[in-house]
Amino acid sequence: MKKYTSKLTLCLSLLAITISFKGYGQDELEKAMAAPGGKSEKVIATFKATKLINGHTNETLYKHELDFKVDHRFGDIAGSNGGLKQFFGLDNSTDVRIGFEYGVSDRLTIGLARSKGATSVQQLYEGSIKYRLLEQTVDDKVPLAITLFGSNTIAAVKANTDDPSSATSYRNFGERLNWVSQIILARKFNSNLSFSLTPSYVHRNLTVFRDANDMFALGAGGRFKFTKRMALVVDYFLPFRNKEDKQYVEAQRATKFYNPLGVGLEMETGGHVFHINFTNATAIQEMQFIPETTSSWLKGQYRWGFSISRRFSFDRNKKSKEAKPE
């Protein structure tokens, strides 16, 4: 109980810091973004892409924009499954995702994706929706940007009929469905620094025996731009799960659950945004990396990863958010 309370206290403290940290760099932000005549403007480009490393940002696409994205996770760099023999993880692939996102409007983005999957639950088809509810303003009348995200993932892997306690012992189509809902709270403090908090809810219709079907988690992410086209990005997720059930599942699977942490370098080149990152998460999609990260940074079980985003605009009257640097 004390451990759960301390985690909750940490989450609430992070939320309080984000909301109360209004004054930092605001003068610089207003100078950079205030419109002629003193009219208040919305803060743009809080983040440069729709995702950081593992988690989503508050960003959506402009209307009639199409974003093609490829994400890849390699094997362990170090530890018992890494090292030179596995060429520091490059010989292996834990997950691959190819996806498309489309801007229905400036606020609403829909997406389709296909992932390999990093657990026994594989061959994943994902549909997603993302809506920009509020946008931060330079005069702080709206101090935070708020975006809603939801996804449904269908596992197409063959059902395991030999083990009724497994996560793939599907008896019907409904058991193959998995849902994710998130509220993304973001703030741009100045032209170089942005931060986000992401309360998350994950529901899996079928799990291994005694694992949680429903799980809450809190994500946090940040971006620090140190050159015109390069930035340091980081994100972290803290899942909340029943202690007794967690211990039971860990004992049955002879493994442990860890909190996913990612650190990376973001590089912008015109219509491309390229990420090279390191994370202990083997999976790419939220319904897997939030509840089922079983790799530890301290054991060398972190991996290379990259993300390539190419954005196309079908509206000649608007420029892409990623078409030019801030």
# chains A, B, ... in the order shown; residues from 1 in each chain; ligands from 1

call {"tool": "select_by_dssp", "arguments": {"residues": "region 146-176 of chain A", "states": "helix (DSSP H, G or I)", "output": "ChimeraX atom specification"}}
result
/A:173-176

call {"tool": "write_last_selection", "arguments": {"atoms": "N, CA, C and O atoms", "output": "CSV table (one decimal), in the first residue's frame"}}
result
chain,number,residue,atom,x,y,z
A,173,PHE,N,-14.0,-13.6,-31.6
A,173,PHE,CA,-13.3,-12.4,-32.1
A,173,PHE,C,-13.2,-11.3,-31.0
A,173,PHE,O,-12.2,-10.6,-31.0
A,174,GLY,N,-14.2,-11.2,-30.1
A,174,GLY,CA,-14.1,-10.1,-29.1
A,174,GLY,C,-12.9,-10.2,-28.2
A,174,GLY,O,-12.4,-9.2,-27.7
A,175,GLU,N,-12.4,-11.4,-27.9
A,175,GLU,CA,-11.3,-11.6,-27.1
A,175,GLU,C,-10.0,-11.1,-27.7
A,175,GLU,O,-9.0,-11.0,-27.0
A,176,ARG,N,-10.0,-10.9,-29.0
A,176,ARG,CA,-8.8,-10.4,-29.7
A,176,ARG,C,-8.7,-8.9,-29.6
A,176,ARG,O,-7.7,-8.3,-30.1

call {"tool": "residues_around", "arguments": {"residues": "Asp67 (chain A)", "least_positions_apart": "5", "cutoff": "12 Å", "atoms": "only C-alpha atoms", "output": "CSV table (one decimal) with N, CA, C and O atoms, in the first residue's frame"}}
result
chain,number,residue,atom,x,y,z
A,49,ALA,N,6.6,16.0,-33.6
A,49,ALA,CA,6.0,14.9,-34.2
A,49,ALA,C,4.9,14.4,-33.3
A,49,ALA,O,4.7,14.9,-32.2
A,50,THR,N,4.1,13.5,-33.9
A,50,THR,CA,2.9,13.1,-33.1
A,50,THR,C,3.3,12.1,-32.0
A,50,THR,O,2.4,11.8,-31.2
A,51,LYS,N,4.5,11.5,-32.0
A,51,LYS,CA,5.0,10.7,-31.0
A,51,LYS,C,6.4,11.1,-30.5
A,51,LYS,O,7.1,11.7,-31.3
A,60,THR,N,-1.4,17.0,-33.5
A,60,THR,CA,-2.3,16.4,-34.5
A,60,THR,C,-1.8,16.9,-35.9
A,60,THR,O,-1.0,17.8,-36.0
A,61,LEU,N,-2.3,16.3,-37.0
A,61,LEU,CA,-2.0,16.8,-38.3
A,61,LEU,C,-2.9,17.9,-38.7
A,61,LEU,O,-4.0,18.1,-38.2
A,62,TYR,N,-2.4,18.7,-39.7
A,62,TYR,CA,-3.3,19.7,-40.3
A,62,TYR,C,-4.3,18.9,-41.2
A,62,TYR,O,-4.1,17.8,-41.6
A,98,ILE,N,4.3,-0.2,-39.1
A,98,ILE,CA,4.2,0.7,-40.2
A,98,ILE,C,2.8,1.3,-40.1
A,98,ILE,O,1.8,0.5,-40.0
A,99,GLY,N,2.7,2.6,-40.2
A,99,GLY,CA,1.4,3.2,-39.9
A,99,GLY,C,1.2,4.5,-40.8
A,99,GLY,O,2.1,5.1,-41.3
A,100,PHE,N,-0.1,4.8,-41.0
A,100,PHE,CA,-0.5,6.0,-41.7
A,100,PHE,C,-1.5,6.8,-40.8
A,100,PHE,O,-2.3,6.2,-40.1
A,101,GLU,N,-1.3,8.1,-40.8
A,101,GLU,CA,-2.2,9.0,-40.1
A,101,GLU,C,-2.7,10.1,-41.0
A,101,GLU,O,-1.9,10.5,-41.9
A,102,TYR,N,-3.9,10.5,-40.9
A,102,TYR,CA,-4.5,11.5,-41.8
A,102,TYR,C,-5.3,12.5,-41.0
A,102,TYR,O,-6.0,12.2,-40.1
A,103,GLY,N,-5.1,13.8,-41.4
A,103,GLY,CA,-5.8,14.9,-40.8
A,103,GLY,C,-7.1,15.1,-41.4
A,103,GLY,O,-7.2,15.7,-42.5
A,109,THR,N,-7.3,13.7,-36.1
A,109,THR,CA,-6.5,12.9,-36.9
A,109,THR,C,-6.9,11.4,-36.7
A,109,THR,O,-7.2,11.0,-35.5
A,110,ILE,N,-6.9,10.6,-37.7
A,110,ILE,CA,-7.2,9.2,-37.6
A,110,ILE,C,-6.1,8.4,-38.2
A,110,ILE,O,-5.2,8.9,-38.9
A,111,GLY,N,-5.9,7.2,-37.7
A,111,GLY,CA,-4.8,6.4,-38.1
A,111,GLY,C,-5.0,4.9,-38.3
A,111,GLY,O,-6.0,4.4,-37.7
A,112,LEU,N,-4.2,4.3,-39.1
A,112,LEU,CA,-4.2,2.8,-39.3
A,112,LEU,C,-2.8,2.4,-39.3
A,112,LEU,O,-1.9,3.0,-39.8
A,113,ALA,N,-2.6,1.2,-38.6
A,113,ALA,CA,-1.2,0.7,-38.5
A,113,ALA,C,-1.2,-0.8,-38.4
A,113,ALA,O,-2.2,-1.5,-38.0
A,271,GLY,N,10.5,17.8,-44.6
A,271,GLY,CA,9.3,17.0,-44.4
A,271,GLY,C,9.5,15.7,-43.6
A,271,GLY,O,8.6,15.0,-43.3
A,272,HIS,N,10.8,15.4,-43.2
A,272,HIS,CA,11.1,14.2,-42.4
A,272,HIS,C,11.4,14.6,-41.0
A,272,HIS,O,12.0,15.6,-40.7
A,273,VAL,N,11.0,13.8,-40.1
A,273,VAL,CA,11.4,13.8,-38.7
A,273,VAL,C,11.9,12.4,-38.4
A,273,VAL,O,11.2,11.4,-38.5
A,308,ILE,N,10.9,6.9,-38.4
A,308,ILE,CA,11.0,7.8,-39.5
A,308,ILE,C,9.6,8.3,-39.9
A,308,ILE,O,8.7,7.4,-40.1
A,309,SER,N,9.4,9.6,-39.9
A,309,SER,CA,8.1,10.1,-40.3
A,309,SER,C,8.2,11.0,-41.5
A,309,SER,O,9.0,11.9,-41.6
A,310,ARG,N,7.4,10.7,-42.5
A,310,ARG,CA,7.3,11.5,-43.7
A,310,ARG,C,5.9,12.1,-43.9
A,310,ARG,O,5.0,11.3,-44.0
A,311,ARG,N,5.8,13.3,-43.9
A,311,ARG,CA,4.5,14.0,-44.0
A,311,ARG,C,4.2,14.6,-45.4
A,311,ARG,O,5.1,15.2,-46.0
A,312,PHE,N,3.0,14.3,-45.9
A,312,PHE,CA,2.6,14.8,-47.2
A,312,PHE,C,1.4,15.7,-47.0
A,312,PHE,O,0.4,15.3,-46.3
A,313,SER,N,1.3,16.8,-47.7
A,313,SER,CA,0.2,17.7,-47.6
A,313,SER,C,-0.6,17.7,-48.9
A,313,SER,O,0.0,17.9,-50.0
A,314,PHE,N,-1.9,17.6,-48.8
A,314,PHE,CA,-2.7,17.6,-50.0
A,314,PHE,C,-3.5,18.9,-50.1
A,314,PHE,O,-4.5,19.1,-50.8
A,320,SER,N,3.0,22.4,-43.9
A,320,SER,CA,3.1,21.4,-42.9
A,320,SER,C,3.7,21.9,-41.6
A,320,SER,O,4.6,22.7,-41.7
A,321,LYS,N,3.3,21.4,-40.5
A,321,LYS,CA,3.9,21.7,-39.2
A,321,LYS,C,5.4,21.4,-39.2
A,321,LYS,O,6.2,22.0,-38.5
A,322,GLU,N,5.7,20.3,-40.0
A,322,GLU,CA,7.1,19.9,-39.9
A,322,GLU,C,7.9,20.3,-41.2
A,322,GLU,O,9.0,19.9,-41.4

call {"tool": "residues_around", "arguments": {"residues": "Leu238 (chain A)", "least_positions_apart": "5", "cutoff": "6 Å", "atoms": "only C-alpha atoms", "output": "CSV table (one decimal) with N, CA, C and O atoms, in the first residue's frame"}}
result
chain,number,residue,atom,x,y,z
A,217,ALA,N,-2.2,4.0,-16.0
A,217,ALA,CA,-0.8,4.3,-16.1
A,217,ALA,C,-0.7,5.8,-16.2
A,217,ALA,O,-1.6,6.5,-16.7
A,218,LEU,N,0.5,6.4,-15.9
A,218,LEU,CA,0.8,7.8,-16.1
A,218,LEU,C,2.1,7.9,-16.9
A,218,LEU,O,3.1,7.3,-16.5
A,259,ASN,N,9.1,-0.6,-15.7
A,259,ASN,CA,8.4,0.6,-16.3
A,259,ASN,C,9.2,1.1,-17.5
A,259,ASN,O,10.4,1.2,-17.5

call {"tool": "select_by_dssp", "arguments": {"residues": "region 174-248 of chain A", "states": "strand (DSSP E)", "output": "NGL selection string"}}
result
:A and (177-188 or 193-204 or 214-225 or 230-240)

call {"tool": "residues_around", "arguments": {"residues": "region 120-128 of chain A", "least_positions_apart": "4", "cutoff": "6 Å", "atoms": "only C-alpha atoms", "output": "PyMOL selection string"}}
result
chain A and resi 110-116+150-157

call {"tool": "write_last_selection", "arguments": {"atoms": "N, CA and C atoms", "output": "PDB file, in the first residue's frame"}}
result
ATOM      1  N   ILE A 110      -6.950  10.639 -37.733  1.00  0.00           N
ATOM      2  CA  ILE A 110      -7.249   9.219 -37.646  1.00  0.00           C
ATOM      3  C   ILE A 110      -6.052   8.432 -38.164  1.00  0.00           C
ATOM      4  N   GLY A 111      -5.917   7.181 -37.708  1.00  0.00           N
ATOM      5  CA  GLY A 111      -4.756   6.411 -38.109  1.00  0.00           C
ATOM      6  C   GLY A 111      -5.040   4.933 -38.271  1.00  0.00           C
ATOM      7  N   LEU A 112      -4.233   4.282 -39.106  1.00  0.00           N
ATOM      8  CA  LEU A 112      -4.246   2.836 -39.297  1.00  0.00           C
ATOM      9  C   LEU A 112      -2.806   2.351 -39.256  1.00  0.00           C
ATOM     10  N   ALA A 113      -2.570   1.184 -38.616  1.00  0.00           N
ATOM     11  CA  ALA A 113      -1.205   0.683 -38.507  1.00  0.00           C
ATOM     12  C   ALA A 113      -1.200  -0.832 -38.405  1.00  0.00           C
ATOM     13  N   ARG A 114      -0.063  -1.396 -38.734  1.00  0.00           N
ATOM     14  CA  ARG A 114       0.163  -2.840 -38.604  1.00  0.00           C
ATOM     15  C   ARG A 114       1.484  -3.041 -37.878  1.00  0.00           C
ATOM     16  N   SER A 115       1.461  -3.848 -36.812  1.00  0.00           N
ATOM     17  CA  SER A 115       2.658  -4.131 -36.033  1.00  0.00           C
ATOM     18  C   SER A 115       2.910  -5.629 -35.958  1.00  0.00           C
ATOM     19  N   LYS A 116       4.170  -5.955 -35.815  1.00  0.00           N
ATOM     20  CA  LYS A 116       4.543  -7.343 -35.582  1.00  0.00           C
ATOM     21  C   LYS A 116       4.050  -7.807 -34.215  1.00  0.00           C
ATOM     22  N   GLY A 150      -7.343   7.717 -28.587  1.00  0.00           N
ATOM     23  CA  GLY A 150      -7.917   6.397 -28.362  1.00  0.00           C
ATOM     24  C   GLY A 150      -7.540   5.457 -29.485  1.00  0.00           C
ATOM     25  N   SER A 151      -7.366   4.178 -29.158  1.00  0.00           N
ATOM     26  CA  SER A 151      -7.028   3.194 -30.183  1.00  0.00           C
ATOM     27  C   SER A 151      -7.672   1.860 -29.869  1.00  0.00           C
ATOM     28  N   ASN A 152      -7.889   1.091 -30.916  1.00  0.00           N
ATOM     29  CA  ASN A 152      -8.363  -0.284 -30.804  1.00  0.00           C
ATOM     30  C   ASN A 152      -7.420  -1.168 -31.601  1.00  0.00           C
ATOM     31  N   THR A 153      -6.906  -2.211 -30.976  1.00  0.00           N
ATOM     32  CA  THR A 153      -5.957  -3.108 -31.619  1.00  0.00           C
ATOM     33  C   THR A 153      -6.532  -4.515 -31.677  1.00  0.00           C
ATOM     34  N   ILE A 154      -6.446  -5.127 -32.852  1.00  0.00           N
ATOM     35  CA  ILE A 154      -6.938  -6.478 -33.069  1.00  0.00           C
ATOM     36  C   ILE A 154      -5.749  -7.404 -33.296  1.00  0.00           C
ATOM     37  N   ALA A 155      -5.681  -8.488 -32.520  1.00  0.00           N
ATOM     38  CA  ALA A 155      -4.613  -9.470 -32.679  1.00  0.00           C
ATOM     39  C   ALA A 155      -5.065 -10.559 -33.643  1.00  0.00           C
ATOM     40  N   ALA A 156      -4.308 -10.739 -34.725  1.00  0.00           N
ATOM     41  CA  ALA A 156      -4.676 -11.715 -35.749  1.00  0.00           C
ATOM     42  C   ALA A 156      -3.899 -13.021 -35.624  1.00  0.00           C
ATOM     43  N   VAL A 157      -3.075 -13.152 -34.581  1.00  0.00           N
ATOM     44  CA  VAL A 157      -2.276 -14.352 -34.396  1.00  0.00           C
ATOM     45  C   VAL A 157      -3.191 -15.574 -34.215  1.00  0.00           C
TER      46      VAL A 157
END

call {"tool": "closest_residue", "arguments": {"among": "A:Ser93, A:Thr119, A:Gln252, A:Thr57", "to": "Arg132 (chain A)", "atoms": "only C-alpha atoms"}}
result
A:Thr57

call {"tool": "atom_distance", "arguments": {"atom1": "CA of Met287 (chain A)", "atom2": "CA of Tyr201 (chain A)"}}
result
9.3 Å

call {"tool": "closest_residue", "arguments": {"among": "A:Asp162, A:Glu41, A:Glu65, A:Asp91", "to": "Val138 (chain A)", "atoms": "only C-alpha atoms"}}
result
A:Glu41

call {"tool": "atom_distance", "arguments": {"atom1": "CA of Ala145 (chain A)", "atom2": "CA of Ala281 (chain A)"}}
result
26.8 Å

call {"tool": "closest_residue", "arguments": {"among": "A:Asn172, A:Ala78, A:Lys243, A:Val202", "to": "Leu298 (chain A)", "atoms": "only C-alpha atoms"}}
result
A:Ala78

call {"tool": "residues_around", "arguments": {"residues": "Ile284 (chain A)", "least_positions_apart": "3", "cutoff": "8 Å", "atoms": "only C-alpha atoms", "output": "PDB file with N, CA, C and O atoms, in the first residue's frame"}}
result
ATOM      1  N   ASN A  54       8.115   6.274 -27.075  1.00  0.00           N
ATOM      2  CA  ASN A  54       7.054   5.285 -26.902  1.00  0.00           C
ATOM      3  C   ASN A  54       5.670   5.931 -26.923  1.00  0.00           C
ATOM      4  O   ASN A  54       4.722   5.371 -27.462  1.00  0.00           O
ATOM      5  N   ASP A  71       8.332   2.559 -37.463  1.00  0.00           N
ATOM      6  CA  ASP A  71       9.009   2.417 -36.173  1.00  0.00           C
ATOM      7  C   ASP A  71       9.653   1.036 -36.115  1.00  0.00           C
ATOM      8  O   ASP A  71       9.077   0.042 -36.588  1.00  0.00           O
ATOM      9  N   HIS A  72      10.829   0.975 -35.487  1.00  0.00           N
ATOM     10  CA  HIS A  72      11.553  -0.297 -35.408  1.00  0.00           C
ATOM     11  C   HIS A  72      12.241  -0.414 -34.049  1.00  0.00           C
ATOM     12  O   HIS A  72      12.791   0.562 -33.545  1.00  0.00           O
ATOM     13  N   ARG A  73      12.189  -1.620 -33.471  1.00  0.00           N
ATOM     14  CA  ARG A  73      12.908  -1.930 -32.244  1.00  0.00           C
ATOM     15  C   ARG A  73      13.810  -3.129 -32.505  1.00  0.00           C
ATOM     16  O   ARG A  73      13.361  -4.160 -33.007  1.00  0.00           O
ATOM     17  N   ASP A  95      10.187  -5.664 -32.516  1.00  0.00           N
ATOM     18  CA  ASP A  95       8.908  -5.165 -33.016  1.00  0.00           C
ATOM     19  C   ASP A  95       9.143  -4.221 -34.187  1.00  0.00           C
ATOM     20  O   ASP A  95      10.156  -3.523 -34.255  1.00  0.00           O
ATOM     21  N   VAL A  96       8.184  -4.212 -35.107  1.00  0.00           N
ATOM     22  CA  VAL A  96       8.197  -3.312 -36.266  1.00  0.00           C
ATOM     23  C   VAL A  96       6.767  -2.814 -36.465  1.00  0.00           C
ATOM     24  O   VAL A  96       5.819  -3.597 -36.367  1.00  0.00           O
ATOM     25  N   ARG A  97       6.633  -1.531 -36.741  1.00  0.00           N
ATOM     26  CA  ARG A  97       5.310  -0.952 -36.957  1.00  0.00           C
ATOM     27  C   ARG A  97       5.338  -0.049 -38.187  1.00  0.00           C
ATOM     28  O   ARG A  97       6.245   0.783 -38.335  1.00  0.00           O
ATOM     29  N   SER A 115       1.461  -3.848 -36.812  1.00  0.00           N
ATOM     30  CA  SER A 115       2.658  -4.131 -36.033  1.00  0.00           C
ATOM     31  C   SER A 115       2.910  -5.629 -35.958  1.00  0.00           C
ATOM     32  O   SER A 115       1.975  -6.437 -35.980  1.00  0.00           O
ATOM     33  N   GLY A 117       4.259  -6.972 -33.172  1.00  0.00           N
ATOM     34  CA  GLY A 117       3.938  -7.347 -31.800  1.00  0.00           C
ATOM     35  C   GLY A 117       5.142  -7.958 -31.123  1.00  0.00           C
ATOM     36  O   GLY A 117       5.879  -8.739 -31.728  1.00  0.00           O
ATOM     37  N   ALA A 118       5.361  -7.617 -29.848  1.00  0.00           N
ATOM     38  CA  ALA A 118       6.575  -8.039 -29.151  1.00  0.00           C
ATOM     39  C   ALA A 118       6.341  -9.138 -28.130  1.00  0.00           C
ATOM     40  O   ALA A 118       7.276  -9.595 -27.494  1.00  0.00           O
ATOM     41  N   ALA A 281      11.657  -0.866 -23.566  1.00  0.00           N
ATOM     42  CA  ALA A 281      10.415  -1.427 -24.092  1.00  0.00           C
ATOM     43  C   ALA A 281      10.701  -2.182 -25.385  1.00  0.00           C
ATOM     44  O   ALA A 281      11.318  -1.646 -26.301  1.00  0.00           O
ATOM     45  N   GLN A 288       0.774  -2.936 -25.450  1.00  0.00           N
ATOM     46  CA  GLN A 288       1.797  -3.910 -25.069  1.00  0.00           C
ATOM     47  C   GLN A 288       2.896  -3.311 -24.201  1.00  0.00           C
ATOM     48  O   GLN A 288       3.264  -3.894 -23.191  1.00  0.00           O
ATOM     49  N   PHE A 289       3.441  -2.137 -24.580  1.00  0.00           N
ATOM     50  CA  PHE A 289       4.594  -1.670 -23.815  1.00  0.00           C
ATOM     51  C   PHE A 289       4.209  -1.136 -22.438  1.00  0.00           C
ATOM     52  O   PHE A 289       5.032  -1.169 -21.512  1.00  0.00           O
TER      53      PHE A 289
END

call {"tool": "atom_distance", "arguments": {"atom1": "CA of Tyr131 (chain A)", "atom2": "CA of Lys42 (chain A)"}}
result
16.3 Å

call {"tool": "closest_residue", "arguments": {"among": "A:Arg107, A:Gln247, A:Thr255, A:Met267", "to": "Thr227 (chain A)", "atoms": "only C-alpha atoms"}}
result
A:Met267

call {"tool": "residues_around", "arguments": {"residues": "Pro199 (chain A)", "least_positions_apart": "3", "cutoff": "8 Å", "atoms": "only C-alpha atoms", "output": "list in words"}}
result
Gln182, Ile183, Ile184, Phe216, Ala217, Leu218 and Gly219 of chain A

call {"tool": "write_last_selection", "arguments": {"atoms": "N, CA and C atoms", "output": "PDB file, in the first residue's frame"}}
result
ATOM      1  N   GLN A 182      -6.257   7.820 -23.721  1.00  0.00           N
ATOM      2  CA  GLN A 182      -5.275   8.708 -23.096  1.00  0.00           C
ATOM      3  C   GLN A 182      -5.733  10.159 -23.143  1.00  0.00           C
ATOM      4  N   ILE A 183      -5.375  10.901 -22.109  1.00  0.00           N
ATOM      5  CA  ILE A 183      -5.513  12.355 -22.083  1.00  0.00           C
ATOM      6  C   ILE A 183      -4.105  12.928 -22.039  1.00  0.00           C
ATOM      7  N   ILE A 184      -3.730  13.664 -23.066  1.00  0.00           N
ATOM      8  CA  ILE A 184      -2.359  14.173 -23.175  1.00  0.00           C
ATOM      9  C   ILE A 184      -2.345  15.653 -22.794  1.00  0.00           C
ATOM     10  N   PHE A 216      -4.414   1.271 -15.309  1.00  0.00           N
ATOM     11  CA  PHE A 216      -4.157   2.697 -15.415  1.00  0.00           C
ATOM     12  C   PHE A 216      -2.647   2.928 -15.370  1.00  0.00           C
ATOM     13  N   ALA A 217      -2.209   3.976 -16.037  1.00  0.00           N
ATOM     14  CA  ALA A 217      -0.793   4.328 -16.053  1.00  0.00           C
ATOM     15  C   ALA A 217      -0.661   5.834 -16.236  1.00  0.00           C
ATOM     16  N   LEU A 218       0.480   6.369 -15.865  1.00  0.00           N
ATOM     17  CA  LEU A 218       0.774   7.782 -16.094  1.00  0.00           C
ATOM     18  C   LEU A 218       2.067   7.898 -16.867  1.00  0.00           C
ATOM     19  N   GLY A 219       2.012   8.574 -17.998  1.00  0.00           N
ATOM     20  CA  GLY A 219       3.198   8.807 -18.801  1.00  0.00           C
ATOM     21  C   GLY A 219       3.681  10.237 -18.658  1.00  0.00           C
TER      22      GLY A 219
END

call {"tool": "residues_around", "arguments": {"residues": "Gly83 (chain A)", "least_positions_apart": "4", "cutoff": "12 Å", "atoms": "only C-alpha atoms", "output": "list of chain:residue names"}}
result
A:Gly75, A:Asp76, A:Ile77, A:Ala78, A:Gly79, A:Phe87, A:Phe88, A:Gly89, A:Leu90, A:Asp91, A:Asn92, A:Gly300, A:Gln301, A:Tyr302, A:Arg303
